[in-house]
Structures are given as structure tokens and as C-alpha cells.
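Below: the structure, in C-alpha cells.
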Amino acid sequence: MKTLIQLLVGIAICVGAALLLRINPEVEYGWLMGAVHGLLLVPNCLISIFDPSWLLKAPLHTSGYNIDWWVCGIFDVLYWVWAIVGAVIAIARAKK
């Protein structure tokens with residue numbers, strides 16, 4: 001149960017960060033925000049399910065933004081897969 005709560009708290013914190021750092025389509029973003037938006041890829045995907053106008057990637061961006069968004073986005077997806085698989089394994093072990 002503790003593992004599930006930790007996972008849900010992590011998701012809530014990331015969704016909160018994504019809400020605070022919402023992508024403005026009228027602003028051109030650079031490399032730093034590319035890393036931030038890439039690290040918030042999974043929470044942004046979750047929010048976009050409920051809000052179709054939610055952006056996953058800034059339409060106005062530099063080349064550095066694009067590179068950082070992809071690199072950090074891949075790391076973010078891998079992290080969430082690892083966290084969810086780890087939580088499922090921990091919950092399964094606790095039931096035995």
C-alpha cells in the first residue's frame with residue numbers, strides 16, 4: 001500500500017508541476033524549457049487526455065528545445081515505466 005501511495009503522490013506532484021508550467025503557444029522556448037517540458041511529457045499526456053487543447057510540445061521552439069525535449073522525454077517515459085513496474089512488483093511481493 002505504501003508503494004501505491006508513493007506512486008500516486010509522485011503522479012500528483014508531476015501533474016501539479018505540469019499545470020504550473022503550462023506551454024504557451026505564443027512564446028518561443030529555448031533549450032532549458034525543452035528539458036523541463038520533456039521531463040513533464042508523461043504528466044502532459046495525462047492532462048491532454050482530459051483537455052484536448054493541452055500542448056505536449058511548444059509550437060514555437062529553437063533547435064536546442066527540440067533536442068532537449070526528445071532526450072528528456074525519452075528519459076521521462078523510461079522513468080515512469082520503471083516506477084510503475086517497480087510498484088507492481090513491490091505490491092505483488094507484499095501480497096505473498
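Every chain in the C-alpha cells takes a letter, A first, then B, and so on in the order presented; its residues are numbered from 1, and the ligands are numbered from 1 following the presented order.
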(message) Taking 4 positions as the minimum chain separation for residues in the same chain, which residues sit within 9 Å of stretch 75-79 of chain A when counting only C-alpha atoms? Answer as a ChimeraX atom specification.
(response) /A:38-42,70-71,83-84
Selection near A:Ala12, 12 Å with only C-alpha atoms, sequence-local residues under 6 positions removed, as a short mmCIF file (atom, residue, chain, number, x, y, z; two decimals) with N, CA and C atoms, in the first residue's frame:
data_model
loop_
_atom_site.label_atom_id
_atom_site.label_comp_id
_atom_site.auth_asym_id
_atom_site.auth_seq_id
_atom_site.Cartn_x
_atom_site.Cartn_y
_atom_site.Cartn_z
N ILE A 5 0.80 4.44 -2.71
CA ILE A 5 0.63 5.83 -2.27
C ILE A 5 1.80 6.68 -2.77
N GLN A 6 3.02 6.15 -2.69
CA GLN A 6 4.19 6.89 -3.20
C GLN A 6 4.06 7.15 -4.69
N ALA A 18 3.21 20.26 -14.10
CA ALA A 18 2.79 20.49 -15.48
C ALA A 18 1.74 21.60 -15.56
N LEU A 19 0.86 21.66 -14.56
CA LEU A 19 -0.14 22.74 -14.55
C LEU A 19 0.52 24.10 -14.33
N LEU A 40 8.31 16.65 -18.30
CA LEU A 40 6.89 16.66 -17.95
C LEU A 40 6.03 16.03 -19.06
N VAL A 42 5.05 12.84 -19.65
CA VAL A 42 4.01 11.91 -19.20
C VAL A 42 2.86 12.65 -18.50
N PRO A 43 3.16 13.56 -17.55
CA PRO A 43 2.04 14.31 -16.96
C PRO A 43 1.27 15.13 -18.00
N ASN A 44 1.97 15.72 -18.96
CA ASN A 44 1.28 16.47 -20.00
C ASN A 44 0.39 15.55 -20.84
N LEU A 46 -1.10 12.85 -19.69
CA LEU A 46 -2.27 12.56 -18.84
C LEU A 46 -3.27 13.71 -18.88
N ILE A 47 -2.77 14.94 -18.79
CA ILE A 47 -3.66 16.10 -18.80
C ILE A 47 -4.32 16.24 -20.17
#
(request) Mind checking which residues fall within 6 Å of A:Ala35, counting only C-alpha atoms, ignoring those fewer than 3 positions away in the same chain, and posting them as a list of chain:residue names? (result)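 Counting only C-alpha atoms, the residues come to A:Leu32, A:Gly38, A:Asp68, A:Trp69, A:Cys72.
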I need the chosen residues saved as a PDB file, in the first residue's frame, with N, CA and C atoms.
ATOM      1  N   LEU A  32      16.442  25.219 -22.177  1.00  0.00           N
ATOM      2  CA  LEU A  32      16.117  24.893 -20.793  1.00  0.00           C
ATOM      3  C   LEU A  32      14.663  24.445 -20.650  1.00  0.00           C
ATOM      4  N   GLY A  38      10.190  18.280 -21.624  1.00  0.00           N
ATOM      5  CA  GLY A  38      10.458  16.863 -21.874  1.00  0.00           C
ATOM      6  C   GLY A  38      10.287  16.030 -20.617  1.00  0.00           C
ATOM      7  N   ASP A  68      16.545  18.830 -26.500  1.00  0.00           N
ATOM      8  CA  ASP A  68      16.338  18.577 -25.076  1.00  0.00           C
ATOM      9  C   ASP A  68      14.976  17.949 -24.805  1.00  0.00           C
ATOM     10  N   TRP A  69      13.951  18.363 -25.544  1.00  0.00           N
ATOM     11  CA  TRP A  69      12.618  17.792 -25.337  1.00  0.00           C
ATOM     12  C   TRP A  69      12.634  16.294 -25.621  1.00  0.00           C
ATOM     13  N   CYS A  72      15.005  14.391 -22.862  1.00  0.00           N
ATOM     14  CA  CYS A  72      14.355  14.334 -21.551  1.00  0.00           C
ATOM     15  C   CYS A  72      13.021  13.605 -21.615  1.00  0.00           C
TER      16      CYS A  72
END
(message) I want to know what sits within 12 Å of stretch 85-88 of chain A, based on only C-alpha atoms, with residues of the same chain fewer than 5 positions away left out; could you give that as a count of residues only?
(response) 15
(request) Just the helix (DSSP H, G or I) stuff from chain A, please, per backbone DSSP, written as a VMD selection string. (result) chain A and resid 2 to 20 31 to 39 41 to 50 63 to 95
